[in-house]
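input_33.tsv (TSV, C-alpha atoms) appears below.
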```tsv
chain	number	residue	atom	x	y	z
H	231	GLY	CA	102.78	82.83	114.61
H	232	LEU	CA	105.49	80.87	112.89
H	233	GLU	CA	107.91	83.77	112.67
H	234	THR	CA	107.53	84.55	116.38
H	235	ALA	CA	108.23	80.91	117.23
H	236	ASN	CA	111.33	80.92	115.02
H	237	ALA	CA	112.50	84.22	116.51
H	238	VAL	CA	112.18	82.87	120.04
H	239	GLN	CA	114.07	79.69	119.09
H	240	ALA	CA	116.84	81.76	117.47
H	241	ALA	CA	117.01	84.05	120.52
H	242	VAL	CA	117.39	81.08	122.86
H	243	ALA	CA	120.20	79.65	120.71
H	244	HIS	CA	121.96	83.02	120.30
H	245	GLN	CA	124.99	83.77	122.48
H	246	GLY	CA	124.52	87.25	123.93
H	247	PRO	CA	121.69	89.67	124.62
H	248	VAL	CA	118.58	89.65	122.42
H	249	TYR	CA	115.64	92.04	122.15
H	250	LEU	CA	112.44	90.86	120.47
H	251	ARG	CA	109.82	93.37	119.38
H	252	ILE	CA	106.54	91.53	118.97
H	253	ASN	CA	103.21	92.95	117.86
H	254	ARG	CA	100.35	92.61	120.34
H	255	GLY	CA	97.84	91.88	117.60
H	256	PHE	CA	97.44	88.97	115.24
H	257	ASP	CA	99.36	89.28	111.98
H	258	GLN	CA	98.43	87.53	108.76
H	259	ALA	CA	100.66	84.52	108.08
H	260	VAL	CA	103.10	84.73	105.18
H	261	TYR	CA	104.73	81.34	105.78
H	262	ASP	CA	103.24	77.87	105.53
H	263	SER	CA	106.05	76.12	107.39
H	264	MET	CA	108.57	76.85	110.12
H	265	GLU	CA	111.29	75.64	107.76
H	266	TYR	CA	111.74	78.84	105.76
H	267	GLY	CA	115.29	79.50	106.90
H	268	TYR	CA	115.00	81.99	109.78
H	269	GLU	CA	118.50	83.19	110.59
H	270	ILE	CA	119.38	86.20	112.73
H	271	GLY	CA	120.75	88.92	110.45
H	272	LYS	CA	119.53	87.37	107.18
H	273	ALA	CA	116.55	88.69	105.23
H	274	VAL	CA	114.07	86.30	103.62
H	275	GLN	CA	112.98	87.03	100.06
H	276	LEU	CA	109.23	86.43	99.79
H	277	HIS	CA	108.51	87.77	96.33
H	278	ASP	CA	110.79	88.12	93.31
H	279	GLY	CA	110.95	91.32	91.31
H	280	THR	CA	113.23	93.49	89.22
H	281	ASP	CA	111.56	96.94	89.25
H	282	LEU	CA	111.80	97.80	92.95
H	283	THR	CA	112.30	96.23	96.35
H	284	ILE	CA	109.92	96.53	99.28
H	285	ILE	CA	111.64	95.86	102.61
H	286	ALA	CA	109.38	95.22	105.57
H	287	CYS	CA	109.39	93.76	109.05
H	288	GLY	CA	106.79	92.62	111.53
H	289	SER	CA	103.19	93.40	110.73
H	290	GLY	CA	104.23	95.26	107.57
H	291	VAL	CA	105.41	92.08	105.84
H	292	PHE	CA	101.93	90.85	104.90
H	293	GLN	CA	101.03	94.29	103.56
H	294	ALA	CA	104.26	94.38	101.54
H	295	VAL	CA	103.44	91.04	99.90
H	296	GLN	CA	99.90	92.23	99.16
H	297	ALA	CA	101.26	95.49	97.68
H	298	ALA	CA	103.68	93.57	95.44
H	299	ARG	CA	100.82	91.43	94.13
H	300	GLU	CA	98.67	94.52	93.54
H	301	LEU	CA	101.49	96.37	91.76
H	302	ALA	CA	102.02	93.37	89.49
H	303	SER	CA	98.36	92.88	88.63
H	304	VAL	CA	97.37	96.53	88.17
H	305	ASP	CA	100.52	98.25	86.93
H	306	GLY	CA	102.77	95.40	85.76
H	307	VAL	CA	105.40	96.42	88.32
H	308	LYS	CA	107.59	93.54	89.48
H	309	ALA	CA	108.36	94.19	93.14
H	310	ARG	CA	110.77	92.12	95.19
H	311	VAL	CA	109.75	91.74	98.85
H	312	LEU	CA	112.29	91.20	101.62
H	313	ASN	CA	111.24	90.27	105.14
H	314	MET	CA	113.87	92.02	107.25
H	315	HIS	CA	112.92	90.22	110.45
H	316	THR	CA	116.20	91.25	112.07
H	317	ILE	CA	116.89	94.99	112.36
H	318	LYS	CA	120.17	94.72	114.25
H	319	PRO	CA	122.16	93.26	112.71
H	320	ILE	CA	120.49	94.20	109.44
H	321	ASP	CA	121.24	92.16	106.33
H	322	GLN	CA	123.41	94.74	104.57
H	323	GLU	CA	124.24	92.35	101.73
H	324	ALA	CA	120.54	91.84	100.93
H	325	VAL	CA	119.88	95.60	100.97
H	326	ILE	CA	122.87	96.40	98.75
H	327	ARG	CA	122.06	93.57	96.34
H	328	ALA	CA	118.43	94.67	96.12
H	329	ALA	CA	119.44	98.29	95.45
H	330	GLN	CA	121.87	97.22	92.74
H	331	GLU	CA	119.46	94.77	91.10
H	332	THR	CA	116.19	96.73	91.30
H	333	GLY	CA	117.38	100.33	91.59
H	334	ARG	CA	114.66	101.32	94.09
H	335	ILE	CA	114.05	100.57	97.76
H	336	VAL	CA	110.81	101.22	99.65
H	337	THR	CA	110.62	100.47	103.38
H	338	VAL	CA	107.44	99.64	105.26
H	339	GLU	CA	107.46	100.77	108.89
H	340	ASN	CA	105.04	99.69	111.58
H	341	HIS	CA	106.36	102.11	114.22
H	342	SER	CA	108.97	104.86	114.57
H	343	ILE	CA	111.77	104.98	112.01
H	344	ILE	CA	114.14	105.31	114.98
H	345	GLY	CA	115.17	101.76	115.77
H	346	GLY	CA	113.31	100.51	112.71
H	347	LEU	CA	114.13	100.18	109.01
H	348	GLY	CA	114.29	103.99	108.71
```

Would you encode the structure as structure tokens?
Amino acid sequence: GLETANAVQAAVAHQGPVYLRINRGFDQAVYDSMEYGYEIGKAVQLHDGTDLTIIACGSGVFQAVQAARELASVDGVKARVLNMHTIKPIDQEAVIRAAQETGRIVTVENHSIIGGLG
């Protein structure tokens, strides 16, 4: 998908070793364009919210966006969604800002918490 293409381009341009973890299956698209600002180490905010923050990566991103929409429509909960496409380095500023602004963090894992968002 678009994020995989952007990750590969960023890996090629990066000076130093890079490890890409890519799902074997087909993930639902969350971006319409490759120009969404993919930058190694920088999260992308996909949904605005003030009640809690859902941080996801990989195949969990689509589910996080869907959950935020469901929380808003059913319970009136305004959930921010961050796509943390880079685990190392993680976007510490985005995590800290989200914790300060929303007061709650939920992570969505698609594999082991070791080496993931944990």

Would you work out the distance separating atom CA of Val248 of chain H from atom CA of Lys318 of chain H, expressed in Å to one decimal?
9.7 Å

H:Gly333, H:Pro319, H:Gly267, H:Gly346 ranked by distance to Gly290 of chain H, top pick (using all atoms listed in the file):
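Between H:Gly333, H:Pro319, H:Gly267, H:Gly346, the residue approaching Gly290 of chain H most closely is H:Gly346.
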
Using only C-alpha atoms, find the one residue out of H:Ala297, H:Ile326, H:Asn253, H:Asn313 that sits nearest to His341 of chain H.
H:Asn253

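Minimum distance to Gly288 of chain H across H:Ile252, H:Ala243, H:Ala235, H:Leu301 (counting all atoms listed in the file) occurs at H:Ile252.
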
Test item: residues at most 10 Å from Ala328 of chain H, all atoms listed in the file, excluding those fewer than 2 positions along its chain, as a PDB file with C-alpha atoms, keeping the file's coordinate frame:
```
ATOM      1  CA  GLY H 279     110.950  91.320  91.310  1.00  0.00           C
ATOM      2  CA  THR H 280     113.230  93.490  89.220  1.00  0.00           C
ATOM      3  CA  ASP H 281     111.560  96.940  89.250  1.00  0.00           C
ATOM      4  CA  LEU H 282     111.800  97.800  92.950  1.00  0.00           C
ATOM      5  CA  THR H 283     112.300  96.230  96.350  1.00  0.00           C
ATOM      6  CA  ILE H 284     109.920  96.530  99.280  1.00  0.00           C
ATOM      7  CA  ILE H 285     111.640  95.860 102.610  1.00  0.00           C
ATOM      8  CA  ARG H 310     110.770  92.120  95.190  1.00  0.00           C
ATOM      9  CA  VAL H 311     109.750  91.740  98.850  1.00  0.00           C
ATOM     10  CA  LEU H 312     112.290  91.200 101.620  1.00  0.00           C
ATOM     11  CA  GLN H 322     123.410  94.740 104.570  1.00  0.00           C
ATOM     12  CA  GLU H 323     124.240  92.350 101.730  1.00  0.00           C
ATOM     13  CA  ALA H 324     120.540  91.840 100.930  1.00  0.00           C
ATOM     14  CA  VAL H 325     119.880  95.600 100.970  1.00  0.00           C
ATOM     15  CA  ILE H 326     122.870  96.400  98.750  1.00  0.00           C
ATOM     16  CA  GLN H 330     121.870  97.220  92.740  1.00  0.00           C
ATOM     17  CA  GLU H 331     119.460  94.770  91.100  1.00  0.00           C
ATOM     18  CA  THR H 332     116.190  96.730  91.300  1.00  0.00           C
ATOM     19  CA  GLY H 333     117.380 100.330  91.590  1.00  0.00           C
ATOM     20  CA  ARG H 334     114.660 101.320  94.090  1.00  0.00           C
ATOM     21  CA  ILE H 335     114.050 100.570  97.760  1.00  0.00           C
TER      22      ILE H 335
END
```

Expressed in Å to a single decimal, how great is the separation between atom CA of Ala309 of chain H and atom CA of Asn340 of chain H?
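Distance reported for this atom pair: 19.5 Å.
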
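What separates atom CA of Cys287 of chain H from atom CA of His315 of chain H is a distance of 5.2 Å.
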
For each of H:Gly306, H:Met314, H:Gly246, H:Gln293, take the minimum atom-to-atom distance to Gln275 of chain H, counting only C-alpha atoms, then give the residue where this is smallest.
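Of H:Gly306, H:Met314, H:Gly246, H:Gln293, the one nearest Gln275 of chain H, counting only C-alpha atoms, is H:Met314.
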
From the list H:His244, H:Arg299, H:Arg251, H:Arg327, which residue is nearest His277 of chain H when using only C-alpha atoms?
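Selected residue with least distance to His277 of chain H: H:Arg299.
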